[in-house]
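A.B. asks: One structure is given below, represented as structure tokens, and several questions about it will come after.
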Amino acid sequence: MRLLEVSNLRTTFRTEDGIVTAVNGLSFGLDAGETLGIVGESGSGKSVTALSIMRLLARNATVTSERIAFEGENLPDKSEAEMRKIRGYKIAMIFQDPMTSLNPVLTIGEQIAEAVRLHLGAGKSEARDRAIEMLRKVRIPLPERRLGDYPHQFSGGMRQRVMIAIALSCNPALLIADEPTTALDVTIQAQVLELMNDLQRETGAAIVLITHDLGVVAEFCKNVLVMYGGNLVEYGTAEQIFSRPRMPYTQGLLSSLPRLDEREHRRLVPIKGQPPNLLRLPPGCAFAPRCAYRMPICDEPVPLYDFGEGHVARCWLYDERAREQRPESQQSLPTVAHT
Amino acid sequence: MTNGALVEAKELYKYFPIYAGLTSRHVADVRAVDGVSFAIEEGETLGLVGESGSGKTTVGRLLLRLLPATKGDVRFENQDVLAMDRGEIRRLRRSMQIIFQDPFASLNPRMTVGEIIGEPLRIHGLASGRDVDERVRELLKLVGLQPYHANRYPHEFSGGQRQRVGVARALAVSPKFIVCDEPVSALDVSIQAQVINLLEDLQARFRLTYLFIAHDLSVVRHISTRVAVMYVGKIVELADRDALYENPLHPYTQALLSAIPIPDPLLEKRRKRIVLTGDIPSPVNPPSGCRFHTRCPVAFARCSVEEPPLREYAPGHFAACHWVEEHGGQAPQLT
């Protein structure tokens, strides 16, 4: 049994302009202790996916799915009271901006203790001890003294470490980290990533890391899910995604990125055009309007092609039926079976 | 430093006073820029990198005199920028422009794109009437937008397109020098590359000189000729692009470079990371001596007492570090 199994997740929002499709039929899963990176640009649906699983979306959202199984139980079947027992306990979440996700009028000691008392039923002094232990774990100096401080008395990097302390205080099986280091400076980002790595080894929690930074994914994640237009376009191990990307969007992302180890000046190859309009997602490939290899068949719904060893991509280029339509430059591509 | 520099800053300081209490007593200063010197030659791109609070954005504004300097000297084509009167500074702005980070906040939402790009033309008397519209259309095409976009408002554009409008506005007066202040940080990667390529093309075509301020060291390596690294108000290292990235002398530069993840998992597995302890110090009360000594893995007694000067250790390669000085210009081995 996998720790989390999401199948055919669809999330839409009613807005003044119409129905926005943020997640469009997404299926994926992860095992206990795994690190999965979800990458994509703004509007690709990565954060909404997390919020849909946690049932934290506003009233104008409609979430449907075949199944969102966590430890074998279907989360959409749970009552709100049952969900509250899962959130922050079995599944914890940390957000991009630690300043807005911490309560400014409670001390950080109270905020860590709150989770511990609620979920683990700890008493006051026990919760305090746990809070000190957690602050020590996230390497906050003088934890006994800092317990009584308020969020504004901490720097950005420290606040994110406090968030991690709260998230891990009840030993969750799954930690969803949504752009946890995006607001931090690079030397502080390195500290936080190292800390998350160490704590994961210690606690065995699975981590879903949502980010737009491909470098962070390469450093941190075992498996990678690339999202575009609300759906998975490619999935595989980090090695597969970065050394043999199959989907033209993944390839485009990698070649549009300047690299720190770039010795010769190489002209960047941008992806032309703009991300898709979520009010009117096309029935076929959402990336087709920007794709250099666009074929007539791309206007039809795209199956997922299996490249072996778990590597899959959603692209018509690899289909037997598209052989004649392929552009000259892509003639030598293999054709593979779809799943 | 160098002769024939287009822009030169010498011993530049900017302190922002902090007032407190009922009598608004002057209690302290934010020492945003604390004695910075460098020169930018015509046609080159000087990258200026640093983390939050390093003072890089303030340096850009001081050069353009968008902020008054506390003391120091700024020269543009050998003219004393800080001594200029209002009329002179206005004329100077025809030669010096800026592109801002946030394409949402830096465009007036009540003006059409045509009005935004046309405004500098009218203010500087470079065009009037029909000529303005004609020039606006030309500028829009130059930055990869369409002439009909002139009638639209900023909110009708995506982030990348808005940044193109910001570039067109800066180019309107045909400047020689542009301060690019984090021009691609707010953009998605696929769009970021479009704007970087545009800036490179425009530089080649009009022989522009850039000060490129960014915290993303990969982007800075890509676009810069030389790079300066700032830490809490000071330049700690300044060198040609490749020298800085391949052979960084200052321990802070080394740590900064090693902290950037490279999108290549096989390479990442082999890389050793220098993880600095502690936070970036506050520019209100910077550490004594070398500002980096509180986080430096090779700091010794002298570092907390004496401030290291920026010295040249190889042609064009400057660093401010006692360790490097005492080891004959060698970089410390930190991994």
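Here, A, B, ... name the chains of the structure tokens in the order displayed, residue numbers run from 1 inside each chain, and ligands are numbered from 1 in the same displayed order.
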Output the contact residues of chain A with respect to chain B at a cut-off of 7 Å, based on only C-alpha atoms, as an NGL selection string.
C.D. replies: :A and (41-42 or 185-187 or 190-191 or 214-216 or 218-219 or 238-239 or 242 or 253 or 256-260 or 265 or 268-271)
A.B. asks: Where does DSSP see strand (DSSP E or B) in stretch 54-118 of chain B, if you list the residues as a PyMOL selection string?
C.D. replies: chain B and resi 71-76+79-80+96-99
A.B. asks: Quick one: everything within 12 Å of B:Glu134, counting only C-alpha atoms, minus sequence neighbours fewer than 3 positions away in the same chain. Send it as a VMD selection string.
C.D. replies: chain B and resid 114 117 to 118 121 127 to 131 137 to 141 147 to 148 150 172
A.B. asks: Grab the atom CA of B:Phe206 to atom CA of B:Gln97 distance for me, in Å with one decimal place.
C.D. replies: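 Distance between the two atoms: 13.9 Å.
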A.B. asks: Considering only C-alpha atoms, return as a ChimeraX atom specification whatever protein or nucleic-acid residues lie within 8 Å of stretch 8-22 of chain B, sequence-local ones (same chain, fewer than 6 positions apart) excluded.
C.D. replies: /B:28-40,58,63,68-76
A.B. asks: Could you write out that same residue set with N, CA and C atoms as a tab-separated table (two decimals), in the first residue's frame?
C.D. replies:
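Full text of again03.tsv as output:
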chain	number	residue	atom	x	y	z
B	28	ALA	N	19.93	55.62	15.82
B	28	ALA	CA	20.86	54.73	15.14
B	28	ALA	C	20.73	54.96	13.63
B	29	ASP	N	21.53	54.25	12.88
B	29	ASP	CA	21.45	54.32	11.42
B	29	ASP	C	21.39	52.93	10.83
B	30	VAL	N	20.64	52.79	9.74
B	30	VAL	CA	20.76	51.58	8.93
B	30	VAL	C	21.90	51.88	7.96
B	31	ARG	N	22.98	51.17	8.14
B	31	ARG	CA	24.15	51.45	7.28
B	31	ARG	C	24.04	50.61	6.03
B	32	ALA	N	23.15	51.06	5.13
B	32	ALA	CA	22.81	50.25	3.95
B	32	ALA	C	23.99	50.09	3.01
B	33	VAL	N	24.69	51.21	2.76
B	33	VAL	CA	25.88	51.16	1.92
B	33	VAL	C	26.97	51.83	2.72
B	34	ASP	N	28.07	51.13	2.91
B	34	ASP	CA	29.04	51.57	3.90
B	34	ASP	C	30.45	51.62	3.34
B	35	GLY	N	30.65	52.53	2.36
B	35	GLY	CA	31.97	52.67	1.78
B	35	GLY	C	32.19	51.71	0.63
B	36	VAL	N	31.60	52.03	-0.51
B	36	VAL	CA	31.65	51.14	-1.66
B	36	VAL	C	32.28	51.86	-2.85
B	37	SER	N	33.23	51.23	-3.51
B	37	SER	CA	33.88	51.82	-4.68
B	37	SER	C	33.92	50.82	-5.82
B	38	PHE	N	33.57	51.27	-7.01
B	38	PHE	CA	33.70	50.43	-8.19
B	38	PHE	C	33.53	51.30	-9.43
B	39	ALA	N	33.87	50.74	-10.58
B	39	ALA	CA	33.70	51.47	-11.83
B	39	ALA	C	33.04	50.54	-12.84
B	40	ILE	N	32.25	51.12	-13.72
B	40	ILE	CA	31.62	50.31	-14.76
B	40	ILE	C	32.05	50.88	-16.11
B	58	THR	N	20.19	49.71	-2.92
B	58	THR	CA	20.52	51.09	-2.55
B	58	THR	C	21.65	51.62	-3.43
B	63	LEU	N	23.48	55.64	-7.55
B	63	LEU	CA	24.12	56.00	-8.82
B	63	LEU	C	23.23	56.91	-9.63
B	68	PRO	N	19.57	60.45	-2.17
B	68	PRO	CA	20.79	61.22	-1.93
B	68	PRO	C	21.80	60.39	-1.14
B	69	ALA	N	23.06	60.48	-1.51
B	69	ALA	CA	24.09	59.73	-0.78
B	69	ALA	C	24.43	60.47	0.51
B	70	THR	N	24.84	59.73	1.52
B	70	THR	CA	25.29	60.34	2.77
B	70	THR	C	26.64	61.01	2.54
B	71	LYS	N	27.55	60.29	1.93
B	71	LYS	CA	28.78	60.91	1.43
B	71	LYS	C	29.37	60.02	0.34
B	72	GLY	N	30.40	60.56	-0.31
B	72	GLY	CA	31.04	59.79	-1.37
B	72	GLY	C	30.95	60.52	-2.69
B	73	ASP	N	31.28	59.82	-3.73
B	73	ASP	CA	31.43	60.44	-5.03
B	73	ASP	C	30.85	59.51	-6.10
B	74	VAL	N	29.99	60.06	-6.98
B	74	VAL	CA	29.50	59.30	-8.12
B	74	VAL	C	29.81	60.09	-9.37
B	75	ARG	N	30.43	59.44	-10.34
B	75	ARG	CA	30.73	60.14	-11.59
B	75	ARG	C	30.11	59.40	-12.76
B	76	PHE	N	29.52	60.18	-13.65
B	76	PHE	CA	29.00	59.61	-14.89
B	76	PHE	C	29.66	60.38	-16.02
A.B. asks: Can you work out the spacing between atom CA of B:Thr209 and atom CA of B:Thr225 in Å, to one decimal?
C.D. replies: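 Those two atoms sit 10.5 Å apart.
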A.B. asks: Measuring between only C-alpha atoms, which one of A:Gly156, A:Pro275, A:Gly123, A:Gly204 shows the shortest distance to A:Asn171?
C.D. replies: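 For A:Asn171, the nearest of the given residues is A:Gly204.
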A.B. asks: Using only C-alpha atoms, determine which residues lie at most 12 Å from B:Met111, disregarding the query and same-chain residues fewer than 2 positions distant; provide the list as an NGL selection string.
C.D. replies: :B and (106-109 or 113-119 or 150-156)
A.B. asks: Could you pull out the alpha helix (DSSP H) residues of stretch 146-224 of chain A, going by DSSP on the backbone, and write them as an MDAnalysis selection string?
C.D. replies: chainID A and resid 146 156:168 186:203 214:220
A.B. asks: May I ask for the distance between atom CA of A:Lys46 and atom CA of A:Tyr318, given in Å to one decimal place?
C.D. replies: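 Value for the atom CA of A:Lys46-atom CA of A:Tyr318 distance: 25.6 Å.
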A.B. asks: So which residues touch A:Lys124 within 10 Å, counting only C-alpha atoms, skipping near sequence neighbours fewer than 6 positions away, as JSON, numbers by chain?
C.D. replies: {"A": [110, 113, 114, 116, 117, 130]}
A.B. asks: Pull all heavy atoms from the residues just selected and write them as a compact mmCIF listing (two decimals), in the first residue's frame.
C.D. replies:
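part.txt, written as the output of this step:
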# COMPACT_ATOMS: atom_id res chain seq x y z
N GLU A 110 3.73 28.63 22.53
CA GLU A 110 2.30 28.31 22.53
C GLU A 110 1.89 27.64 21.23
O GLU A 110 1.06 26.74 21.22
CB GLU A 110 1.47 29.58 22.74
CG GLU A 110 1.57 30.14 24.16
CD GLU A 110 0.96 31.54 24.29
OE1 GLU A 110 1.15 32.39 23.39
OE2 GLU A 110 0.29 31.79 25.29
N ALA A 113 3.17 24.06 21.19
CA ALA A 113 2.46 23.29 22.21
C ALA A 113 1.02 23.01 21.79
O ALA A 113 0.47 21.94 22.09
CB ALA A 113 2.50 24.04 23.54
N GLU A 114 0.40 23.95 21.08
CA GLU A 114 -0.98 23.81 20.65
C GLU A 114 -1.19 22.51 19.88
O GLU A 114 -2.11 21.72 20.17
CB GLU A 114 -1.36 25.01 19.77
CG GLU A 114 -2.82 25.06 19.42
CD GLU A 114 -3.15 26.22 18.48
OE1 GLU A 114 -2.21 26.81 17.88
OE2 GLU A 114 -4.33 26.53 18.34
N VAL A 116 0.78 19.85 19.81
CA VAL A 116 1.13 18.68 20.62
C VAL A 116 -0.01 18.34 21.59
O VAL A 116 -0.35 17.18 21.78
CB VAL A 116 2.44 18.96 21.41
CG1 VAL A 116 2.79 17.77 22.28
CG2 VAL A 116 3.57 19.26 20.45
N ARG A 117 -0.61 19.38 22.20
CA ARG A 117 -1.69 19.14 23.16
C ARG A 117 -2.93 18.62 22.47
O ARG A 117 -3.60 17.70 22.94
CB ARG A 117 -2.00 20.41 23.94
CG ARG A 117 -0.80 20.88 24.76
CD ARG A 117 -1.14 22.03 25.65
NE ARG A 117 -2.12 21.64 26.67
CZ ARG A 117 -2.61 22.46 27.58
NH1 ARG A 117 -2.23 23.71 27.60
NH2 ARG A 117 -3.48 22.04 28.47
N ARG A 130 8.20 19.25 24.95
CA ARG A 130 8.23 18.87 23.53
C ARG A 130 8.59 20.07 22.65
O ARG A 130 9.35 19.95 21.69
CB ARG A 130 6.85 18.31 23.14
CG ARG A 130 6.72 17.87 21.69
CD ARG A 130 7.46 16.58 21.41
NE ARG A 130 7.25 16.16 20.03
CZ ARG A 130 8.12 15.45 19.35
NH1 ARG A 130 9.23 15.03 19.90
NH2 ARG A 130 7.87 15.11 18.10
